[in-house]
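Remarks on the structure that follows.
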There are 2 protein chains.
Amino acid sequence: MIAMNTTLSRANKATVTSTPDMVVNAITEGIMKRRYSIGQRLVESDLTRDLKVSRGTVREALKTLSAEGVVKLTPHRGAFIRSLSRKEAHDLLVVLEVLCGVAARLAAEHIKQGDNHKRFKVAQQAIAGLRSGGGVSGFAEERARFYQTMLNICRNAELERIMPLAHIFMFRTQFQGLWSKRDIAAVFKEYQDIATAILMGDTKLAESHMRRHIRKTDVRMSKLPESAFAIEEDR
Amino acid sequence: MIAMNTTLSRANKATVTSTPDMVVNAITEGIMKRRYSIGQRLVESDLTRDLKVSRGTVREALKTLSAEGVVKLTPHRGAFIRSLSRKEAHDLLVVLEVLCGVAARLAAEHIKQGDNHKRFKVAQQAIAGLRSGGGVSGFAEERARFYQTMLNICRNAELERIMPLAHIFMFRTQFQGLWSKRDIAAVFKEYQDIATAILMGDTKLAESHMRRHIRKTDVRMSKLPESAFAIEEDR
DNA sequence: CTGACAATATTGTTCGACAATCCGGCCACC
DNA sequence: GGTGGCCGGATTGTCGAACAATATTGTCAG
């Protein structure tokens with residue numbers, strides 16, 4: 001079960017996994033599983049001890065995580081689990097809107113190829129199933145699978161490279177538990193709309209639904225209290 | 001002069017520059033200046049010798065470059081200056097279309113603030129000036145400054161983070177010298193259209209001009225001979 | 001309470017070592 | 001002559017220790 005989760009969070013990586021990659025996985029998973037909290041500092045020596053790897057390896061992993069935007073590296077002060085200020089969160093959503101839009105469009109474009117339709121339907125139903133049943137716990141995983149499947153169907157290496165699932169995780173993690181019941185219901189409906197459009201192969205509709213979803217997320221987020229955000233940096 | 005170039009290629013990095021960053025700069029500049037050719041292998045020991053830094057530092061730099069998509073890391077075989085296959089180049093342009101589109105829109109949105117208008121006008125005229133005068137040599141630099149200025153005006157940290165100027169360099173580098181005179185003239189015109197729209201503060205027009213420019217680039221690129229591209233990987 | 005200074009903790013960088021893996025050449029064999 | 005396997009050199013992957021550079025904390029005098 002845990003192994004499956006690992007596979008999910010970092011898919012298509014063949015069989016081999018280098019040691020730094022394992023560290024990266026351990027940390028991202030630690031964030032997901034709330035072993036690390038937003039804004040927490042990651043001390044290199046702690047990681048070498050806990051994960052039983054050398055410091056060089058840890059540093060390489062942190063470099064990767066930094067590039068992915070999961071942690072923030074501050075010179076001589078170390079790595080911190082990234083937390084978003086209000087503006088940063090908005091900036092992220094502005095970019096995510098078009099990126100996810102493209103992803104939805106491409107997914108719809110390729111939905112008829114191979115077993116894409118079947119695979120995506122599974123991901124869709126997994127999310128729909130949660131609505132009635134489980135609480136928030138399983139949502140993160142299924143949501144991740146949803147996006148993962150969509151990206152995989154896109155067959156666009158560049159999109160997979162730059163669209164950091166990590167960001168979506170992060171986003172979810174930072175604001176989890178802050179959404180109202182109404183918000184959650186709306187999100188479920190939005191995902192269903194997106195999924196339906198993709199499954200129909202309607203590229204235009206899929207893209208517009210996805211973009212609307214992200215825009216609405218921006219609106220919902222803007223209504224969250226100040227305490228949900230990191231303090232703004234200086235500049 | 002050289003120092004200025006360095007500043008250009010990696011802007012807004014405060015005063016401090018860590019050793020790995022210096023290595024990153026040295027390599028990206030080496031690519032720009034054609035000291036390294038597309039597809040070339042980068043041997044760690046060579047870099048430690050030439051740049052007088054330790055191997056660990058080199059490895060951190062390569063990790064960063066890999067995350068930026070400048071080099072491709074292959075397990076146990078090392079780092080290679082990334083070269084794009086036909087499909088990869090197309091994939092990249094698909095993503096770049098929306099990303100640059102957003103950038104143009106945001107730039108137009110903020111063009112009236114501070115000295116943005118003045119600064120962007122300088123970048124625009126620098127490109128326009130090249131049309132009559134210098135050859136291809138200065139184009140790369142001015143084009144980089146153009147995008148750099150635009151991104152800076154956007155004031156969107158996420159966009160600056162993920163939109164790899166490096167990619168644009170790379171793109172240009174791989175295909176430099178392959179464009180026809182007609183192509184080049186068209187590109188100049190497209191940039192002027194984009195710049196004009198941004199300077200007017202017309203967000204819609206700026207975005208659509210930019211997106212059209214990228215789409216046209218895709219078309220032009222698709223007509224290049226097979227020899228311009230890297231061979232497709234297996235999968 | 002405040003500022004200066006010392007002590008401590010952590011990161012930045014280097015060096016050297018060794019195992020794991022890849023690559024090219026060599027040789028036996030069909 | 002071609003093919004397959006073996007071997008050795010070259011390079012990467014990972015580790016450990018060490019020291020310098022810097023940030024943080026603690027202390028003390030005023």
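Following the order of the structure tokens, first chain is A, next is B, and so on, with residues numbered from 1 inside each chain and ligands from 1 in the order they appear.
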Check every residue of chain B for an atom within 7 Å of chain D, counting only C-alpha atoms (C1' of nucleotides), and provide those that qualify as a ChimeraX atom specification. /B:76-78
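Summary of the local environment: counting only C-alpha atoms (C1' of nucleotides), residues at most 7 Å from range 107-110 of chain A, other than itself and those fewer than 6 positions away along its chain, are Met150, Ile153, Cys154, Ile198, Leu199, Gly201, Asp202, Thr203 and Ala206 of chain A.
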Check which residues of chain C sit at most 9 Å from chain A using only C-alpha atoms (C1' of nucleotides), and return one row each with the closest pair of atoms and their distance in Å to one decimal, ordered by chain and rising number, as a tab-separated table.
```
residue	atom	partner	partner_atom	distance
C:DT10	C1'	A:Arg77	CA	7.4
C:DT11	C1'	A:His76	CA	5.0
C:DG12	C1'	A:His76	CA	7.6
```
For chain A, report every residue with an atom at most 10 Å from chain B (counting only C-alpha atoms), formatted as a ChimeraX atom specification. /A:16-18,56-57,59-69,75,87-99,101-103,106,155-159,161-164
Expected answer as number ranges by chain: helix (DSSP H, G or I) residues in range 45-163 of chain A: A: 45-51, 55-68, 86-110, 116-132, 137-154, 157-162
Give the strand (DSSP E) residues of range 66-161 of chain B, as DSSP finds them on the backbone, and put them as a ChimeraX atom specification. /B:71-74,78-81
Val70 in chain B environment, 10 Å, only C-alpha atoms (C1' of nucleotides), sequence neighbours closer than 4 positions dropped, as a PyMOL selection string: chain B and resi 24+27-28+31+62+64-66+79-83+164-167+169-170
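Taking CA of Ile231 in chain A and CA of Arg215 in chain A as the two end points, the separation is 22.9 Å.
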B:Phe229, B:Gly138, B:Ala128, B:Thr173 ranked by distance to Tyr191 in chain B, top pick (using only C-alpha atoms):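 Using only C-alpha atoms, Tyr191 in chain B sits closest to B:Ala128.
Straight-line separation from CA of Ala195 in chain B to CA of Phe146 in chain B: 9.1 Å.
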Can you pull out the residues contacting Ser222 in chain B? Cut-off 9 Å, using only C-alpha atoms (C1' of nucleotides), and skip same-chain residues under 4 positions away; I want them as a ChimeraX atom specification. /B:86,90,217-218
